[in-house]
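Peer 1: Sharing a structure with you now.
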Amino acid sequence: MARRSLARPDEITYYLAYAPNGTTVEDLVRIAGSRWAIEEAFQAAKNECGLDQYEVRRYPGWYRHITLAMLAHAFLAVRAADARGEKAETVPARMFPSRWRRSDGSWQLDAPPRNNAADSTAR
């Protein structure tokens with residue numbers, strides 16, 4: 001996918017998109033456009049909540065720090081919206097079932113279902 005700047009028509013940004021079959025171009029464009037809002041949220045979380053101030057050696061400690069920093073950022077964002085008299089914007093997220101399954105203390109990735117019609121034509 002390529003995007004051209006309206007202010008600078010000679011500037012083109014390219015995106016490599018990975019999505020499930022059947023995803024519309026409109027969905028890809030909407031998601032690519034939301035990238036900047038996400039980048040700004042992470043930058044604000046780094047500046048205001050210490051998102052980048054972790055010094056841990058293991059994943060559980062890193063995960064706890066990131067979770068608490070993002071929770072603090074969400075709390076501050078809601079408080080700021082309340083102070084401005086705004087309503088929080090909520091957009092229902094499209095949920096896809098996870099293909100990861102826990103089995104005997106480890107995680108396994110389920111294989112996608114096989115399409116028998118495609119298999120029979122490929123042989």
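Following the order of the structure tokens, first chain is A, next is B, and so on, with residues numbered from 1 inside each chain and ligands from 1 in the order they appear.
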Using DSSP assignments from the backbone, pull out every residue in range 15-121 of chain A that falls under strand (DSSP E or B) and give it to me as a PyMOL selection string.

Peer 2: chain A and resi 100-103+106-109

Peer 1: Extract, using only C-alpha atoms, all DNA, RNA and protein residues at most 12 Å from Arg30 in chain A, discarding same-chain residues fewer than 5 positions from it, and format them as a list of chain:residue names.

Peer 2: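 Returned residues: A:Met1, A:Arg3, A:Ala17, A:Thr23, A:Thr24, A:Val25, A:Arg35, A:Trp36, A:Ala37.
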
Peer 1: Just the number, please: distance in Å from CA of Leu51 in chain A to CA of Glu39 in chain A, one decimal.

Peer 2: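 Going from CA of Leu51 in chain A over to CA of Glu39 in chain A, I get 13.0 Å.
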
Peer 1: With distances taken over only C-alpha atoms, which residue among A:Pro97, A:Gly50, A:Gly33, A:Pro60 lies nearest Ala72 in chain A?

Peer 2: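 Checking each of A:Pro97, A:Gly50, A:Gly33, A:Pro60 against Ala72 in chain A, counting only C-alpha atoms, the winner is A:Gly50.
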
Peer 1: As a JSON list (two decimals) with C-alpha atoms, in the first residue's frame, please: the residues near Arg99 in chain A (cut-off 9 Å, only C-alpha atoms, same-chain neighbours under 5 positions excluded).

Peer 2:
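In the end it all went to part_5.json:
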```json
[["chain", "number", "residue", "atom", "x", "y", "z"],
["A", 108, "GLN", "CA", 1.18, -24.45, 21.12],
["A", 109, "LEU", "CA", 0.02, -22.82, 17.91],
["A", 110, "ASP", "CA", -2.94, -24.59, 16.33],
["A", 111, "ALA", "CA", -2.55, -25.26, 12.62],
["A", 112, "PRO", "CA", -5.08, -23.48, 10.40]]
```

Peer 1: What does the distance from CA of Val78 in chain A to CA of Arg64 in chain A come to in Å, to one decimal?

Peer 2: 21.2 Å

Peer 1: Just the number, please: distance in Å from CA of Asn47 in chain A to CA of Ala69 in chain A, one decimal.

Peer 2: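 Pair CA of Asn47 in chain A / CA of Ala69 in chain A returns 10.7 Å.
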
Peer 1: Need the shell around Trp62 in chain A: protein/DNA/RNA residues with any atom at most 12 Å away, counting only C-alpha atoms. Skip same-chain ones fewer than 6 positions apart. Format as a ChimeraX atom specification?

Peer 2: /A:51-56,68-69

Peer 1: Can you pull out every residue within 12 Å of Ala77 in chain A, counting only C-alpha atoms, but drop anything in the same chain fewer than 6 positions away, and send it as number ranges by chain?

Peer 2: A: 41, 44-45, 48-49, 70-71, 83-84, 86-89

Peer 1: Any chance you could export the current selection's C-alpha atoms as a short mmCIF file (atom, residue, chain, number, x, y, z; two decimals), in the first residue's frame?

Peer 2:
```
data_model
loop_
_atom_site.label_atom_id
_atom_site.label_comp_id
_atom_site.auth_asym_id
_atom_site.auth_seq_id
_atom_site.Cartn_x
_atom_site.Cartn_y
_atom_site.Cartn_z
CA ALA A 41 0.14 7.76 22.49
CA ALA A 44 3.11 10.55 25.57
CA ALA A 45 3.34 7.40 27.71
CA GLU A 48 4.48 11.19 31.23
CA CYS A 49 4.40 7.67 32.67
CA MET A 70 0.09 1.85 30.04
CA LEU A 71 -2.59 1.61 32.74
CA ALA A 83 -11.41 17.76 32.71
CA ARG A 84 -12.02 19.09 29.19
CA GLU A 86 -15.11 15.46 26.49
CA LYS A 87 -16.52 12.01 26.21
CA ALA A 88 -14.05 9.21 25.74
CA GLU A 89 -14.08 7.85 22.21
#
```

Peer 1: To test your reading of the structure, identify every residue in chain A that backbone DSSP assigns to alpha helix (DSSP H), and report it as JSON, numbers by chain.

Peer 2: {"A": [25, 26, 27, 28, 29, 30, 31, 32, 33, 35, 36, 37, 38, 39, 40, 41, 42, 43, 44, 45, 46, 47, 48, 49, 59, 60, 61, 62, 63, 64, 65, 66, 67, 68, 69, 70, 71, 72, 73, 74, 75, 76, 77, 78, 79, 80, 81, 82, 83, 116, 117, 118, 119, 120, 121, 122]}
